[in-house]
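Have a look at protein20.cif; it's mmCIF, C-alpha atoms and all ligand atoms:
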```cif
data_input
#
loop_
_atom_site.label_atom_id
_atom_site.label_comp_id
_atom_site.auth_asym_id
_atom_site.auth_seq_id
_atom_site.Cartn_x
_atom_site.Cartn_y
_atom_site.Cartn_z
CA MET E 21 59.78 48.05 75.09
CA ALA E 22 57.08 47.13 72.61
CA ALA E 23 54.13 44.84 73.33
CA GLY E 24 54.70 41.10 73.11
CA PHE E 25 57.89 40.78 75.16
CA ASP E 26 56.21 40.76 78.56
CA LYS E 27 52.87 39.23 77.63
CA ASP E 28 51.70 38.51 81.16
CA CYS E 29 53.20 41.66 82.74
CA LYS E 30 55.69 39.63 84.79
CA VAL E 31 58.78 41.82 84.44
CA VAL E 32 57.74 45.44 83.99
CA GLY E 33 60.15 46.72 86.67
CA SER E 34 63.11 44.71 85.37
CA VAL E 35 62.51 45.91 81.81
CA LEU E 36 62.38 49.53 82.94
CA ASN E 37 65.54 49.11 84.98
CA LEU E 38 67.45 48.22 81.79
CA GLY E 39 66.92 51.77 80.56
CA PHE E 40 63.66 51.66 78.65
CA GLY E 41 61.70 54.86 79.17
CA PHE E 42 58.44 52.95 79.18
CA THR E 43 57.24 49.42 78.64
CA THR E 44 54.06 47.97 77.17
CA GLY E 45 52.83 44.82 78.91
CA GLY E 46 50.62 42.33 77.04
CA THR E 47 48.96 41.88 74.67
CA VAL E 48 46.52 40.73 77.33
CA THR E 49 43.17 39.12 76.49
CA LEU E 50 40.24 38.61 78.84
CA SER E 51 40.54 34.81 79.03
CA PRO E 52 43.68 32.68 78.91
CA ARG E 53 44.70 31.61 75.40
CA PRO E 54 47.08 28.86 74.28
CA GLY E 55 48.13 30.78 71.15
CA ASN E 56 48.95 29.11 67.85
CA PRO E 57 50.68 25.72 67.46
CA LYS E 58 54.50 25.70 67.40
CA PRO E 59 56.80 26.45 65.70
CA ARG E 60 55.47 29.98 66.04
CA MET E 61 58.65 32.02 66.32
CA VAL E 62 61.56 31.74 63.89
CA ARG E 63 64.78 33.76 63.97
CA LEU E 64 66.26 35.04 60.71
CA PRO E 65 69.69 35.99 62.08
CA GLU E 66 71.25 37.13 58.77
CA GLN E 67 68.50 39.71 58.49
CA ARG E 68 68.31 40.52 62.19
CA ALA E 69 64.63 39.71 61.88
CA VAL E 70 62.06 37.39 63.42
CA MET E 71 58.93 35.76 62.03
CA ASN E 72 56.24 35.07 64.59
CA SER E 73 52.76 33.64 64.64
CA MET E 74 52.28 33.58 68.40
CA GLY E 75 48.54 34.30 68.29
CA PHE E 76 48.33 35.95 71.74
CA PRO E 77 49.28 33.14 74.11
CA GLY E 78 48.74 34.31 77.65
CA GLN E 79 47.31 33.72 81.09
CA GLY E 80 44.37 36.09 80.59
CA LEU E 81 43.54 39.41 82.20
CA GLU E 82 43.33 38.60 85.91
CA PRO E 83 46.94 37.53 86.62
CA SER E 84 48.26 40.51 84.65
CA VAL E 85 46.05 42.95 86.55
CA LYS E 86 47.27 41.50 89.87
CA ARG E 87 50.90 41.91 88.80
CA LEU E 88 50.34 45.46 87.54
CA GLN E 89 48.64 46.25 90.84
CA SER E 90 51.72 45.15 92.74
CA SER E 91 54.05 47.09 90.40
CA GLN E 92 52.45 50.44 91.20
CA ARG E 93 55.75 52.22 91.72
CA TYR E 94 56.37 51.82 87.99
CA LYS E 95 52.88 52.85 86.94
CA ASP E 96 54.00 56.14 85.34
CA ARG E 97 56.02 54.23 82.76
CA VAL E 98 53.77 51.27 82.03
CA LEU E 99 51.19 50.82 79.29
CA VAL E 100 49.19 47.67 78.80
CA SER E 101 48.22 46.30 75.41
CA ILE E 102 44.75 44.76 75.27
CA SER E 103 42.85 42.88 72.61
CA GLY E 104 39.97 40.56 71.93
CA THR E 105 37.64 39.47 69.20
CA ILE E 106 34.45 41.06 70.55
CA GLU E 107 33.88 44.52 71.95
CA ASP E 108 32.73 43.46 75.43
CA GLU E 109 35.94 41.53 76.09
CA ILE E 110 38.02 44.56 75.19
CA PHE E 111 35.89 46.94 77.31
CA GLU E 112 36.37 44.59 80.26
CA CYS E 113 40.16 44.55 79.75
CA LEU E 114 40.25 48.36 79.78
CA ARG E 115 37.94 48.71 82.77
CA ARG E 116 39.89 46.28 84.92
CA SER E 117 43.42 47.32 84.04
CA GLN E 118 43.32 51.08 83.60
CA ASP E 119 43.75 52.04 87.27
CA PHE E 120 47.15 50.37 87.32
CA VAL E 121 48.79 51.76 84.16
CA SER E 122 49.42 55.15 82.59
CA GLY E 123 47.95 54.25 79.22
CA ILE E 124 46.19 51.58 77.21
CA GLU E 125 47.33 50.30 73.82
CA LEU E 126 44.52 48.73 71.83
CA ASN E 127 45.85 46.07 69.49
CA ILE E 128 43.59 45.46 66.52
CA SER E 129 46.32 44.45 64.20
CA SER E 130 48.10 41.22 65.03
CA PRO E 131 48.69 39.47 61.71
CA ASN E 132 48.50 36.15 63.58
CA THR E 133 45.21 36.20 65.35
CA THR E 134 42.06 35.24 63.55
CA GLY E 135 39.04 37.39 64.34
CA LEU E 136 40.90 40.67 64.79
CA ARG E 137 40.39 41.89 61.25
CA ILE E 138 36.77 42.75 62.01
CA PHE E 139 38.11 45.92 63.61
CA HIS E 140 39.72 46.92 60.32
CA GLU E 141 36.23 47.83 59.22
CA PRO E 142 35.99 51.58 59.95
CA ALA E 143 32.43 51.59 61.37
CA ARG E 144 33.25 48.70 63.71
CA LEU E 145 36.50 50.36 64.81
CA ARG E 146 34.71 53.63 65.46
CA GLY E 147 32.12 51.89 67.66
CA LEU E 148 34.83 50.11 69.62
CA ILE E 149 36.92 53.22 70.19
CA GLU E 150 33.98 55.44 71.08
CA GLY E 151 32.93 52.83 73.65
CA LEU E 152 36.43 52.75 75.14
CA VAL E 153 36.75 56.54 75.11
CA SER E 154 33.52 56.88 77.09
CA VAL E 155 34.96 54.86 80.01
CA LYS E 156 38.67 55.51 79.80
CA LYS E 157 40.55 57.42 82.52
CA VAL E 158 44.02 57.18 80.92
CA PRO E 159 45.33 57.92 77.41
CA LEU E 160 44.24 55.41 74.77
CA PHE E 161 46.53 54.41 71.89
CA VAL E 162 45.61 52.27 68.91
CA LYS E 163 48.25 50.08 67.32
CA LEU E 164 47.71 49.84 63.59
CA PRO E 165 48.84 47.34 60.98
CA PRO E 166 51.59 48.55 58.66
CA TRP E 167 50.48 49.86 55.30
CA PRO E 168 52.23 48.90 52.09
CA ARG E 169 53.56 51.41 49.60
CA ASP E 170 50.91 50.54 47.03
CA ASP E 171 48.05 52.92 46.92
CA GLU E 172 44.88 51.06 47.62
CA ASN E 173 45.86 49.43 50.92
CA ARG E 174 47.68 52.54 52.01
CA ARG E 175 44.58 54.66 51.55
CA GLU E 176 42.48 52.11 53.40
CA LEU E 177 44.80 52.04 56.39
CA LEU E 178 45.24 55.79 56.52
CA LYS E 179 41.45 55.95 56.60
CA LEU E 180 41.50 53.58 59.55
CA ALA E 181 43.96 55.89 61.31
CA ALA E 182 41.70 58.88 60.57
CA THR E 183 38.73 56.97 61.98
CA ALA E 184 40.64 56.19 65.17
CA VAL E 185 41.64 59.84 65.61
CA ASP E 186 38.14 61.07 64.92
CA ALA E 187 36.71 58.58 67.41
CA GLY E 188 38.88 60.10 70.14
CA VAL E 189 42.13 58.17 70.61
CA ASP E 190 45.06 60.01 72.18
CA GLY E 191 47.69 58.37 70.04
CA LEU E 192 48.61 55.86 67.36
CA VAL E 193 51.26 53.16 67.50
CA ILE E 194 52.78 52.59 64.06
CA ALA E 195 53.00 49.62 63.59
CA ASN E 196 52.66 45.88 64.07
CA PRO E 197 54.83 43.30 62.22
CA HIS E 198 54.51 43.01 58.46
CA PRO E 199 52.36 40.07 57.27
CA ILE E 200 54.45 37.26 55.82
CA GLU E 201 53.87 33.70 54.61
CA SER E 202 56.30 30.95 55.59
CA SER E 203 56.21 27.16 55.79
CA ARG E 204 58.61 27.41 58.76
CA LEU E 205 55.69 28.60 60.88
CA GLN E 206 53.19 25.87 61.75
CA VAL E 207 50.22 28.01 60.73
CA GLY E 208 51.92 29.03 57.48
CA ARG E 209 51.88 32.77 58.03
CA GLY E 210 52.75 35.37 60.60
CA GLY E 211 54.46 38.70 61.07
CA LEU E 212 57.95 39.85 60.16
CA SER E 213 59.73 42.16 62.61
CA GLY E 214 63.21 43.57 63.03
CA ALA E 215 65.81 45.31 60.88
CA PRO E 216 64.10 44.97 57.46
CA LEU E 217 61.21 47.09 58.75
CA PHE E 218 63.05 50.25 59.69
CA GLU E 219 63.04 52.11 56.41
CA HIS E 220 59.34 51.50 56.01
CA THR E 221 58.61 52.57 59.59
CA GLU E 222 60.26 55.89 58.79
CA LEU E 223 58.07 56.35 55.70
CA MET E 224 54.92 55.47 57.62
CA ILE E 225 55.71 57.96 60.39
CA ALA E 226 56.14 60.75 57.83
CA ASP E 227 52.89 59.64 56.18
CA ILE E 228 50.88 59.58 59.38
CA GLN E 229 52.40 62.81 60.69
CA ALA E 230 51.29 64.57 57.50
CA GLN E 231 47.81 63.26 58.13
CA VAL E 232 47.34 63.90 61.86
CA GLN E 233 49.38 67.13 62.02
CA GLY E 234 50.12 66.94 65.72
CA GLU E 235 46.51 66.21 66.66
CA VAL E 236 47.47 62.99 68.47
CA ALA E 237 50.70 61.41 69.70
CA ILE E 238 52.56 58.99 67.43
CA ILE E 239 54.57 56.08 68.80
CA ALA E 240 56.92 54.59 66.19
CA CYS E 241 57.72 50.86 66.20
CA GLY E 242 59.43 48.60 63.69
CA GLY E 243 63.09 47.77 63.12
CA VAL E 244 64.62 50.22 65.61
CA SER E 245 68.07 49.26 66.89
CA THR E 246 70.24 52.40 67.11
CA GLY E 247 70.29 55.93 68.47
CA GLU E 248 70.27 57.20 64.88
CA HIS E 249 67.04 55.29 64.24
CA VAL E 250 65.44 56.89 67.30
CA TRP E 251 66.61 60.31 66.16
CA LYS E 252 65.16 59.85 62.67
CA LEU E 253 61.77 58.72 63.92
CA LEU E 254 61.49 61.55 66.45
CA ALA E 255 62.54 63.99 63.71
CA SER E 256 59.80 62.56 61.44
CA GLY E 257 57.08 63.29 63.99
CA ALA E 258 57.06 60.43 66.50
CA SER E 259 56.69 61.38 70.18
CA ALA E 260 58.12 58.08 71.39
CA VAL E 261 59.71 54.94 70.01
CA GLN E 262 59.35 51.25 70.83
CA LEU E 263 61.40 48.19 69.89
CA TYR E 264 61.39 44.46 70.47
CA THR E 265 63.31 42.38 67.90
CA ALA E 266 66.62 44.25 68.22
CA PHE E 267 66.52 43.41 71.94
CA ILE E 268 66.41 39.71 71.02
CA TYR E 269 69.64 40.04 69.02
CA GLU E 270 71.50 42.66 71.02
CA GLY E 271 70.54 41.76 74.55
CA PRO E 272 69.80 43.65 77.75
CA GLY E 273 72.47 46.33 77.21
CA LEU E 274 70.65 47.71 74.16
CA PRO E 275 68.37 50.35 75.73
CA ALA E 276 71.26 51.87 77.70
CA ARG E 277 73.44 51.95 74.55
CA ILE E 278 70.69 53.65 72.57
CA ASN E 279 70.08 56.21 75.32
CA LYS E 280 73.77 57.02 75.49
CA ARG E 281 73.97 57.40 71.74
CA VAL E 282 70.91 59.66 71.53
CA SER E 283 72.36 61.79 74.27
CA LYS E 284 75.70 62.01 72.38
CA LEU E 285 73.92 62.95 69.15
CA MET E 286 71.97 65.64 70.99
CA SER E 287 75.16 67.10 72.48
CA ALA E 288 76.76 67.15 69.02
CA ALA E 289 73.70 68.96 67.66
CA GLY E 290 73.73 71.39 70.59
CA ILE E 291 70.28 70.50 71.90
CA THR E 292 69.16 69.46 75.37
CA ASN E 293 65.47 68.76 74.82
CA ILE E 294 64.38 65.63 72.99
CA GLY E 295 61.46 67.61 71.54
CA ASP E 296 63.98 69.77 69.63
CA ILE E 297 65.29 66.84 67.58
CA SER E 298 64.86 67.56 63.87
CA GLY E 299 66.52 66.87 60.53
CA GLU E 300 69.18 64.22 60.03
CA PRO E 301 71.24 63.00 63.01
CA PRO E 302 74.71 64.56 63.13
CA SER E 303 77.32 62.18 61.71
CA ILE E 304 79.67 61.49 64.57
CA ARG E 305 81.69 58.41 65.51
C1 LIG F 401 57.62 37.31 69.26
C2 LIG F 401 56.80 38.57 69.07
C3 LIG F 401 55.60 38.71 69.75
C4 LIG F 401 54.84 39.87 69.61
N1 LIG F 401 53.67 39.99 70.31
C5 LIG F 401 52.96 41.15 70.22
C6 LIG F 401 51.80 41.35 71.00
O1 LIG F 401 51.39 40.50 71.80
N2 LIG F 401 51.14 42.51 70.84
C7 LIG F 401 51.54 43.50 69.99
O2 LIG F 401 50.91 44.55 69.92
N3 LIG F 401 52.67 43.35 69.28
C8 LIG F 401 53.38 42.21 69.37
N4 LIG F 401 54.52 42.08 68.64
C9 LIG F 401 54.93 43.16 67.73
C10 LIG F 401 55.92 44.12 68.34
O3 LIG F 401 55.34 44.81 69.43
C11 LIG F 401 56.35 45.16 67.28
O4 LIG F 401 55.21 45.86 66.81
C12 LIG F 401 57.04 44.54 66.09
O5 LIG F 401 57.83 43.43 66.48
C13 LIG F 401 57.91 45.55 65.33
O6 LIG F 401 58.93 46.07 66.13
P1 LIG F 401 60.44 45.46 66.15
O7 LIG F 401 60.89 45.41 64.73
O8 LIG F 401 61.22 46.41 67.00
O9 LIG F 401 60.33 44.12 66.76
C14 LIG F 401 55.30 40.91 68.77
C15 LIG F 401 56.52 40.77 68.10
C16 LIG F 401 57.28 39.63 68.24
C17 LIG F 401 58.61 39.51 67.52
#
```
Translate this structure into structure tokens?
Amino acid sequence: MAAGFDKDCKVVGSVLNLGFGFTTGGTVTLSPRPGNPKPRMVRLPEQRAVMNSMGFPGQGLEPSVKRLQSSQRYKDRVLVSISGTIEDEIFECLRRSQDFVSGIELNISSPNTTGLRIFHEPARLRGLIEGLVSVKKVPLFVKLPPWPRDDENRRELLKLAATAVDAGVDGLVIANPHPIESSRLQVGRGGLSGAPLFEHTELMIADIQAQVQGEVAIIACGGVSTGEHVWKLLASGASAVQLYTAFIYEGPGLPARINKRVSKLMSAAGITNIGDISGEPPSIR
């Protein structure tokens, strides 16, 4: 499960029991936040997509840490996403939560939260990550914004990824929702997630894999809803896959259905290890 579903880490065990291999609580910020004015989440059912401009509503770090502390039996399969607009807030989130999770996802890329873009500046991102790396005891992932196909922004964002890797992260999460403008959201803009993203997620994973060459783990996120999608992203170089929007449309049975399908595809391809997935998924019914 991707970040944003369980913002205050209230249901990590229940999410895992549906069949998700791991779940990412948060995004958690140091202090409570009301988020953006509503409407801030709009369904686009024909496209199996969602527009959101949530802006990190949440209870703040302390209640999440308490809940993670009492969910220790799930710790091996729980990450927590943290964010903030100044370095010290983010350091504090890492310091206080890391004993209770198996990894930290740093979110610098919500399209809906003013103040986060400062960390799109490579020198500032490097400083932040190096600070986190010096105190971290668990793997640190950075979730990046999606990059468009056009060259200039793509180069800029790939440079950001290179900076993160160089500064010592253990993995990259590719990616957050795609920026979108809409008068149906109170603040006029937000992020698009769901089915329309998948094809682009696949391209970005191939792009980033070519750049990092196995140096760090890649977690793919954006538009995933089937076992075939999971197969394709793992074959393109992802080590793990997350989803959120498809769960909104398809309900709690989705992770189990995807697991079953991946397992069927693997049997058809004659492989037993998920790490051996490569090429196109076999076409079976
Ligand atoms: C309502 C909503 C809230 C979200 N909140 C967060 C968040 O707090 N932190 C974060 O890193 N991503 C957040 N996301 C982004 C998702 O984690 C994910 O990157 C994105 O939705 C693309 O995946 P999907 O197409 O499977 O939904 C949110 C997405 C949605 C739809």
Compile a residue-level contact table for chain E against ligand LIG 401 (chain F) at a cut-off of 7 Å, reporting for every qualifying residue the shortest atom pair and its distance in Å to one decimal, with all atoms listed in the file counted, rows ordered by chain and ascending number, as JSON lines.
```
{"residue": "E:Ala22", "atom": "CA", "partner": "F:LIG401", "partner_atom": "O3", "distance": 4.3}
{"residue": "E:Ala23", "atom": "CA", "partner": "F:LIG401", "partner_atom": "O3", "distance": 4.1}
{"residue": "E:Gly24", "atom": "CA", "partner": "F:LIG401", "partner_atom": "N1", "distance": 3.2}
{"residue": "E:Phe25", "atom": "CA", "partner": "F:LIG401", "partner_atom": "C3", "distance": 6.2}
{"residue": "E:Lys27", "atom": "CA", "partner": "F:LIG401", "partner_atom": "O1", "distance": 6.1}
{"residue": "E:Gly46", "atom": "CA", "partner": "F:LIG401", "partner_atom": "O1", "distance": 5.6}
{"residue": "E:Thr47", "atom": "CA", "partner": "F:LIG401", "partner_atom": "O1", "distance": 4.0}
{"residue": "E:Met61", "atom": "CA", "partner": "F:LIG401", "partner_atom": "C1", "distance": 6.1}
{"residue": "E:Val70", "atom": "CA", "partner": "F:LIG401", "partner_atom": "C17", "distance": 5.8}
{"residue": "E:Met71", "atom": "CA", "partner": "F:LIG401", "partner_atom": "C17", "distance": 6.7}
{"residue": "E:Asn72", "atom": "CA", "partner": "F:LIG401", "partner_atom": "C1", "distance": 5.4}
{"residue": "E:Met74", "atom": "CA", "partner": "F:LIG401", "partner_atom": "C3", "distance": 6.3}
{"residue": "E:Phe76", "atom": "CA", "partner": "F:LIG401", "partner_atom": "O1", "distance": 5.5}
{"residue": "E:Ser101", "atom": "CA", "partner": "F:LIG401", "partner_atom": "O2", "distance": 6.4}
{"residue": "E:Asn127", "atom": "CA", "partner": "F:LIG401", "partner_atom": "O2", "distance": 5.3}
{"residue": "E:Ser130", "atom": "CA", "partner": "F:LIG401", "partner_atom": "C7", "distance": 6.5}
{"residue": "E:Lys163", "atom": "CA", "partner": "F:LIG401", "partner_atom": "O2", "distance": 6.7}
{"residue": "E:Ala195", "atom": "CA", "partner": "F:LIG401", "partner_atom": "O4", "distance": 5.4}
{"residue": "E:Asn196", "atom": "CA", "partner": "F:LIG401", "partner_atom": "O4", "distance": 3.7}
{"residue": "E:Pro197", "atom": "CA", "partner": "F:LIG401", "partner_atom": "C12", "distance": 4.6}
{"residue": "E:Ser213", "atom": "CA", "partner": "F:LIG401", "partner_atom": "O7", "distance": 4.1}
{"residue": "E:Gly214", "atom": "CA", "partner": "F:LIG401", "partner_atom": "O7", "distance": 3.4}
{"residue": "E:Ala215", "atom": "CA", "partner": "F:LIG401", "partner_atom": "O7", "distance": 6.2}
{"residue": "E:Leu217", "atom": "CA", "partner": "F:LIG401", "partner_atom": "O7", "distance": 6.2}
{"residue": "E:Cys241", "atom": "CA", "partner": "F:LIG401", "partner_atom": "O6", "distance": 4.9}
{"residue": "E:Gly242", "atom": "CA", "partner": "F:LIG401", "partner_atom": "O6", "distance": 3.6}
{"residue": "E:Gly243", "atom": "CA", "partner": "F:LIG401", "partner_atom": "O7", "distance": 3.6}
{"residue": "E:Val244", "atom": "CA", "partner": "F:LIG401", "partner_atom": "O8", "distance": 5.3}
{"residue": "E:Gln262", "atom": "CA", "partner": "F:LIG401", "partner_atom": "O8", "distance": 6.4}
{"residue": "E:Leu263", "atom": "CA", "partner": "F:LIG401", "partner_atom": "O8", "distance": 3.4}
{"residue": "E:Tyr264", "atom": "CA", "partner": "F:LIG401", "partner_atom": "O9", "distance": 3.9}
{"residue": "E:Thr265", "atom": "CA", "partner": "F:LIG401", "partner_atom": "O9", "distance": 3.6}
{"residue": "E:Ala266", "atom": "CA", "partner": "F:LIG401", "partner_atom": "O8", "distance": 5.9}
```
Task: Between CA of Phe267 (chain E) and CA of Glu66 (chain E), distance in Å (one decimal) - done: 15.3 Å
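Note that the spacing between CA of Ser283 (chain E) and CA of Glu125 (chain E) amounts to 27.5 Å.
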Task: Length of the CA of Arg68 (chain E) to CA of Leu274 (chain E) vector [Å] - done: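 Separating CA of Arg68 (chain E) from CA of Leu274 (chain E) is a distance of 14.2 Å.
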Task: Top pick for closest residue to Leu253 (chain E), considering E:Gln92, E:Thr49, E:Ser298, E:Gln231 and counting all atoms listed in the file - done: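 Checking each of E:Gln92, E:Thr49, E:Ser298, E:Gln231 against Leu253 (chain E), counting all atoms listed in the file, the winner is E:Ser298.
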Task: Counting all atoms listed in the file, the option among E:Gly78, E:Pro168, E:Gly45, E:Pro302 closest to Thr221 (chain E) - done: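 Closest residue, counting all atoms listed in the file: E:Pro168.
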Task: Surrounding residues of Arg174 (chain E) excluding itself and chain neighbours under 6 positions, 12 Å, only C-alpha atoms, as a ChimeraX atom specification - done: /E:164-168,180-181,223-224,227-228
Open item on the list: Here is a test: counting all atoms listed in the file, which residue of E:Lys284, E:Arg305, E:Arg204, E:Arg137 is nearest to Leu64 (chain E)?
Closed with: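 Checking each candidate against Leu64 (chain E), we get E:Arg204 as the closest.
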Open item on the list: Give me, as a PyMOL selection string, all polymer residues having an atom no more than 9 Å from Val207 (chain E), counting only C-alpha atoms and skipping those fewer than 5 positions away in the same chain.
Closed with: chain E and resi 56-60+73+132+202
Open item on the list: Can you pull out the residues contacting Gly123 (chain E)? Cut-off 10 Å, using only C-alpha atoms, and skip same-chain residues under 2 positions away; I want them as a ChimeraX atom specification.
Closed with: /E:44,95-101,114,117-121,125-126,156-161,190
Open item on the list: Restricting the calculation to all atoms listed in the file: of E:Val189, E:Ala289, E:Ala226, E:Val282, which residue gets closest to Ser256 (chain E)?
Closed with: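 That would be E:Ala226, the residue with the smallest distance to Ser256 (chain E).
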Task: Option closest in space to Ile268 (chain E), from E:Pro65, E:Gly75, E:Gly208, E:Gly234 [counting only C-alpha atoms] - done: E:Pro65
- [ ] Please return, as a PyMOL selection string, all polymer residues that have at least one atom within 12 Å of the point (33.6, 54.0, 69.3); use only C-alpha atoms and the file's own coordinate frame.
- [x] chain E and resi 107+110-111+139+142-156+183-189
Might you pull out every residue within 10 Å of Leu254 (chain E), with all atoms listed in the file counted and same-chain residues fewer than 3 positions away left off, and present them as a CSV table (one decimal) with C-alpha atoms, in the coordinates of the input?
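Output (result_25.csv):
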```csv
chain,number,residue,atom,x,y,z
E,222,GLU,CA,60.3,55.9,58.8
E,225,ILE,CA,55.7,58.0,60.4
E,238,ILE,CA,52.6,59.0,67.4
E,239,ILE,CA,54.6,56.1,68.8
E,240,ALA,CA,56.9,54.6,66.2
E,248,GLU,CA,70.3,57.2,64.9
E,249,HIS,CA,67.0,55.3,64.2
E,250,VAL,CA,65.4,56.9,67.3
E,251,TRP,CA,66.6,60.3,66.2
E,257,GLY,CA,57.1,63.3,64.0
E,258,ALA,CA,57.1,60.4,66.5
E,259,SER,CA,56.7,61.4,70.2
E,260,ALA,CA,58.1,58.1,71.4
E,261,VAL,CA,59.7,54.9,70.0
E,294,ILE,CA,64.4,65.6,73.0
E,295,GLY,CA,61.5,67.6,71.5
E,296,ASP,CA,64.0,69.8,69.6
E,297,ILE,CA,65.3,66.8,67.6
E,298,SER,CA,64.9,67.6,63.9
E,299,GLY,CA,66.5,66.9,60.5
```
Kindly provide, as lines of an AutoDock Vina configuration file, the centre and edge lengths (Å, one decimal) of an axis-aligned box around all atoms of region 109-127 of chain E given in the file, with 3 Å on each side.
```
center_x = 42.7
center_y = 48.3
center_z = 78.4
size_x = 19.5
size_y = 19.6
size_z = 23.8
```
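When all atoms listed in the file are used to measure the gap to Gly41 (chain E), the shortest distance among E:Met21, E:Ala182, E:Ile102, E:Ile200 belongs to E:Met21.
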Could you please fill out region 235-250 of chain E with N, CA, C and O atoms and send it back as a CSV table (one decimal), in the frame of the given file?
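The result, written out as selection-v6.csv:
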```
chain,number,residue,atom,x,y,z
E,235,GLU,N,47.8,66.3,65.9
E,235,GLU,CA,46.5,66.2,66.7
E,235,GLU,C,46.6,65.1,67.8
E,235,GLU,O,45.9,65.3,68.8
E,236,VAL,N,47.3,64.1,67.5
E,236,VAL,CA,47.5,63.0,68.5
E,236,VAL,C,48.9,62.6,68.5
E,236,VAL,O,49.7,62.9,67.6
E,237,ALA,N,49.3,61.9,69.6
E,237,ALA,CA,50.7,61.4,69.7
E,237,ALA,C,50.9,60.2,68.8
E,237,ALA,O,50.0,59.5,68.5
E,238,ILE,N,52.2,60.1,68.3
E,238,ILE,CA,52.6,59.0,67.4
E,238,ILE,C,53.7,58.2,68.1
E,238,ILE,O,54.7,58.8,68.5
E,239,ILE,N,53.5,56.9,68.3
E,239,ILE,CA,54.6,56.1,68.8
E,239,ILE,C,55.1,55.2,67.6
E,239,ILE,O,54.3,54.5,67.0
E,240,ALA,N,56.4,55.3,67.3
E,240,ALA,CA,56.9,54.6,66.2
E,240,ALA,C,57.5,53.2,66.6
E,240,ALA,O,58.1,53.2,67.7
E,241,CYS,N,57.3,52.2,65.8
E,241,CYS,CA,57.7,50.9,66.2
E,241,CYS,C,58.0,50.0,64.9
E,241,CYS,O,57.1,49.9,64.1
E,242,GLY,N,59.1,49.5,64.8
E,242,GLY,CA,59.4,48.6,63.7
E,242,GLY,C,60.9,48.7,63.2
E,242,GLY,O,61.2,49.7,62.6
E,243,GLY,N,61.7,47.8,63.6
E,243,GLY,CA,63.1,47.8,63.1
E,243,GLY,C,64.1,48.7,63.8
E,243,GLY,O,65.2,48.9,63.3
E,244,VAL,N,63.7,49.3,64.9
E,244,VAL,CA,64.6,50.2,65.6
E,244,VAL,C,65.7,49.5,66.3
E,244,VAL,O,65.4,48.5,67.1
E,245,SER,N,67.0,49.9,66.1
E,245,SER,CA,68.1,49.3,66.9
E,245,SER,C,69.2,50.2,67.2
E,245,SER,O,70.2,49.8,67.9
E,246,THR,N,69.1,51.5,66.8
E,246,THR,CA,70.2,52.4,67.1
E,246,THR,C,69.7,53.8,67.6
E,246,THR,O,68.5,54.1,67.3
E,247,GLY,N,70.6,54.6,68.1
E,247,GLY,CA,70.3,55.9,68.5
E,247,GLY,C,69.9,56.8,67.2
E,247,GLY,O,69.0,57.6,67.3
E,248,GLU,N,70.6,56.5,66.1
E,248,GLU,CA,70.3,57.2,64.9
E,248,GLU,C,68.8,56.9,64.4
E,248,GLU,O,68.1,57.8,64.0
E,249,HIS,N,68.4,55.6,64.6
E,249,HIS,CA,67.0,55.3,64.2
E,249,HIS,C,66.1,56.1,65.1
E,249,HIS,O,65.1,56.6,64.6
E,250,VAL,N,66.3,56.2,66.4
E,250,VAL,CA,65.4,56.9,67.3
E,250,VAL,C,65.4,58.4,66.9
E,250,VAL,O,64.3,58.9,66.8
```
